[in-house]
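Student: To start, I am sharing the structure in question, which I have written as structure tokens.
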Amino acid sequence: MPSETPETLFVAHATGRLLHVRACPQLLGLDAPVVATATQVQTLGTCVWCAKELSEAGRRYFDSVEQAVRTLDPSGDAVRATQEALGDLAYDLVWVPPSYSHIAVGDKTHAVAWIGRGCVMHADGRLIDFA
Ligand SMILES: [Zn+2]
């Protein structure tokens, strides 16, 4: 239920026993991790790496998307393209998780878009590539 959790959660396969975020090292190398069902989200535990990734404590917040992008890529080359890909999306907060694997924008409880290297994924499923 991506719209009701701060991140979309995955399981490694249909009978996976732990919840993961997409960037989890345990999912690297899997072509198609399975989006966790609502029941799995309710009943399964979260892997240790992912729990840390999702924890509020490990996040670093930024004042703006530009500041976050420049922190991950000092050249600033992606600032304009990232802002264009976000469009007029409304958000209050900009943060990176402890892994620094991406930038998220959203409010206190929900991310509304995730910024990766050369792409922005919106919570409604739109993926905008600008690499
Ligand atoms: Zn994990």
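Ordering of the structure tokens sets the chain letters (A, B, ...), residue numbers begin anew at 1 in every chain, and ligands are numbered from 1 in the order given.
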Enumerate as a count of residues only the residues within 8 Å of ligand 1, counting only C-alpha atoms and all ligand atoms.
Tutor: 16
Student: Residues within 12 Å of A:Tyr100, please, as number ranges by chain. Count only C-alpha atoms; anything in the same chain fewer than 3 positions from it doesn't count.
Tutor: A: 23-24, 53-54, 58-61, 68-69, 71-73, 95-97, 103-104, 114-117
Student: Counting only C-alpha atoms, which residue out of A:His110, A:Arg126, A:Arg70, A:His13 sits closest to A:Thr37?
Tutor: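 That would be A:His13, the residue with the smallest distance to A:Thr37.
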Student: Could you pull out the strand (DSSP E or B) residues of stretch 17-67 of chain A from DSSP and send them as a list in words?
Tutor: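 Selecting the strand (DSSP E or B) positions of stretch 17-67 of chain A gives Leu18, Leu19, His20, Val34, Val35, Gly45, Thr46, Arg60, Tyr61 and Phe62 of chain A.
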Student: Considering only C-alpha atoms, can you say which of A:Ser55, A:Ala78, A:Val34, A:Gln83 comes closest to A:Thr109?
Tutor: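 Among the listed residues, the smallest separation from A:Thr109 belongs to A:Ser55.
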Student: Just the residues within 6 Å of A:Val112, please, counting only C-alpha atoms, with nothing from its chain fewer than 6 positions along; format it as a PDB file with N, CA and C atoms, in the first residue's frame.
Tutor:
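Final output, part-v8.pdb:
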ATOM      1  N   VAL A 105      11.120  13.100  -1.070  1.00  0.00           N
ATOM      2  CA  VAL A 105      10.386  14.302  -0.697  1.00  0.00           C
ATOM      3  C   VAL A 105       8.994  13.871  -0.261  1.00  0.00           C
ATOM      4  N   GLY A 106       8.441  14.589   0.698  1.00  0.00           N
ATOM      5  CA  GLY A 106       7.115  14.220   1.172  1.00  0.00           C
ATOM      6  C   GLY A 106       6.755  15.037   2.390  1.00  0.00           C
ATOM      7  N   ALA A 123       5.026   8.850  -6.482  1.00  0.00           N
ATOM      8  CA  ALA A 123       4.259   7.848  -5.738  1.00  0.00           C
ATOM      9  C   ALA A 123       3.114   7.286  -6.574  1.00  0.00           C
TER      10      ALA A 123
END
Student: Just the number, please: distance in Å from atom CA of A:Ala90 to atom CA of A:His122, one decimal.
Tutor: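 Going from atom CA of A:Ala90 over to atom CA of A:His122 covers 11.5 Å.
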Student: So the first atom is atom CA of A:Ala111 and the second is atom CA of A:Asp92; what is the distance between them in Å, to one decimal place?
Tutor: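 Calculated distance between atom CA of A:Ala111 and atom CA of A:Asp92 is 9.9 Å.
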Student: For A:Ala36, find every residue with an atom within 12 Å (counting only C-alpha atoms), except residues of its own chain fewer than 5 positions away, and show them as a list in words.
Tutor: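 Within the cut-off, the hits are Met1, Pro2, Thr5, Glu7, Thr8, Leu9, Phe10, Val11, Ala12, His13, Ala14, Thr15, Gly16, Arg17, Leu18, Leu19, His20, Val21, Arg22, Val41, Gln42, Thr43, Leu44, Gly45 and Thr46 of chain A.
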Student: Report, in Å to a single decimal, how far apart atom CA of A:Leu86 and atom CA of A:Leu127 are.
Tutor: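 Result for atom CA of A:Leu127 versus atom CA of A:Leu86: 10.4 Å, one decimal.
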Student: Enumerate as a ChimeraX atom specification all residues of chain A assigned to helix (DSSP H, G or I) by DSSP on the backbone, naming them with the chain letters and numbers the document uses.
Tutor: /A:2-4,25-27,38-43,48-54,56-58,65-72,79-86
Student: Only N, CA and C atoms, please: the residues just picked out, written as a compact mmCIF listing (two decimals), in the first residue's frame.
Tutor:
# COMPACT_ATOMS: atom_id res chain seq x y z
N PRO A 2 1.46 1.55 -1.15
CA PRO A 2 2.43 2.66 -1.21
C PRO A 2 1.88 3.97 -0.67
N SER A 3 0.58 4.20 -0.82
CA SER A 3 0.06 5.49 -0.41
C SER A 3 -0.13 5.56 1.10
N GLU A 4 0.01 4.44 1.80
CA GLU A 4 -0.21 4.45 3.23
C GLU A 4 1.04 4.13 4.04
N PRO A 25 20.34 -4.09 0.17
CA PRO A 25 21.37 -4.95 -0.44
C PRO A 25 20.87 -6.38 -0.66
N GLN A 26 19.96 -6.84 0.18
CA GLN A 26 19.45 -8.20 0.01
C GLN A 26 18.61 -8.36 -1.25
N LEU A 27 18.15 -7.26 -1.81
CA LEU A 27 17.34 -7.34 -3.03
C LEU A 27 18.17 -7.06 -4.28
N ALA A 38 -0.73 -6.14 1.49
CA ALA A 38 -1.15 -5.46 2.72
C ALA A 38 -1.02 -6.41 3.92
N THR A 39 -1.36 -7.68 3.71
CA THR A 39 -1.25 -8.66 4.79
C THR A 39 0.20 -8.85 5.20
N GLN A 40 1.08 -8.94 4.22
CA GLN A 40 2.50 -9.10 4.55
C GLN A 40 3.02 -7.88 5.31
N VAL A 41 2.61 -6.70 4.89
CA VAL A 41 3.05 -5.49 5.59
C VAL A 41 2.60 -5.53 7.05
N GLN A 42 1.40 -6.06 7.27
CA GLN A 42 0.87 -6.13 8.63
C GLN A 42 1.57 -7.20 9.49
N THR A 43 1.97 -8.31 8.86
CA THR A 43 2.36 -9.47 9.65
C THR A 43 3.86 -9.77 9.65
N VAL A 48 16.79 -5.95 9.21
CA VAL A 48 17.51 -5.01 10.07
C VAL A 48 18.01 -3.79 9.29
N TRP A 49 18.60 -4.07 8.10
CA TRP A 49 19.11 -2.97 7.27
C TRP A 49 17.98 -2.02 6.90
N CYS A 50 16.83 -2.60 6.53
CA CYS A 50 15.71 -1.80 6.06
C CYS A 50 15.05 -1.04 7.21
N ALA A 51 15.01 -1.65 8.37
CA ALA A 51 14.44 -0.96 9.52
C ALA A 51 15.24 0.31 9.82
N LYS A 52 16.56 0.18 9.69
CA LYS A 52 17.41 1.35 9.91
C LYS A 52 17.17 2.39 8.82
N GLU A 53 17.03 1.87 7.58
CA GLU A 53 16.78 2.76 6.45
C GLU A 53 15.49 3.56 6.62
N LEU A 54 14.51 2.93 7.21
CA LEU A 54 13.19 3.57 7.36
C LEU A 54 13.09 4.41 8.63
N GLU A 56 13.28 7.14 11.34
CA GLU A 56 13.34 8.59 11.36
C GLU A 56 14.71 9.06 11.84
N ALA A 57 15.29 8.32 12.81
CA ALA A 57 16.53 8.75 13.45
C ALA A 57 17.70 8.86 12.48
N GLY A 58 17.74 7.96 11.49
CA GLY A 58 18.88 7.96 10.60
C GLY A 58 18.79 8.90 9.42
N VAL A 65 15.38 20.66 -2.29
CA VAL A 65 15.82 19.60 -3.20
C VAL A 65 17.19 19.96 -3.78
N GLU A 66 17.38 21.23 -4.11
CA GLU A 66 18.66 21.64 -4.68
C GLU A 66 19.81 21.33 -3.73
N GLN A 67 19.61 21.64 -2.45
CA GLN A 67 20.66 21.39 -1.46
C GLN A 67 20.95 19.89 -1.36
N ALA A 68 19.89 19.07 -1.38
CA ALA A 68 20.08 17.62 -1.28
C ALA A 68 20.81 17.08 -2.51
N VAL A 69 20.39 17.52 -3.70
CA VAL A 69 21.02 17.04 -4.93
C VAL A 69 22.49 17.44 -4.95
N ARG A 70 22.79 18.67 -4.54
CA ARG A 70 24.19 19.12 -4.55
C ARG A 70 25.04 18.38 -3.51
N THR A 71 24.40 17.90 -2.47
CA THR A 71 25.14 17.14 -1.46
C THR A 71 25.55 15.77 -2.02
N LEU A 72 24.63 15.16 -2.78
CA LEU A 72 24.95 13.85 -3.36
C LEU A 72 25.80 13.99 -4.63
N VAL A 79 20.44 19.33 -10.79
CA VAL A 79 19.49 20.14 -10.02
C VAL A 79 18.27 20.53 -10.85
N ARG A 80 18.54 21.13 -12.02
CA ARG A 80 17.44 21.64 -12.84
C ARG A 80 16.54 20.51 -13.34
N ALA A 81 17.16 19.44 -13.84
CA ALA A 81 16.37 18.32 -14.36
C ALA A 81 15.53 17.68 -13.26
N THR A 82 16.11 17.60 -12.06
CA THR A 82 15.37 17.03 -10.95
C THR A 82 14.16 17.89 -10.60
N GLN A 83 14.36 19.18 -10.56
CA GLN A 83 13.26 20.08 -10.22
C GLN A 83 12.16 20.02 -11.29
N GLU A 84 12.59 19.92 -12.55
CA GLU A 84 11.59 19.82 -13.63
C GLU A 84 10.82 18.51 -13.54
N ALA A 85 11.53 17.43 -13.17
CA ALA A 85 10.86 16.12 -13.06
C ALA A 85 9.88 16.09 -11.89
N LEU A 86 10.16 16.88 -10.85
CA LEU A 86 9.23 16.96 -9.72
C LEU A 86 8.01 17.80 -10.08
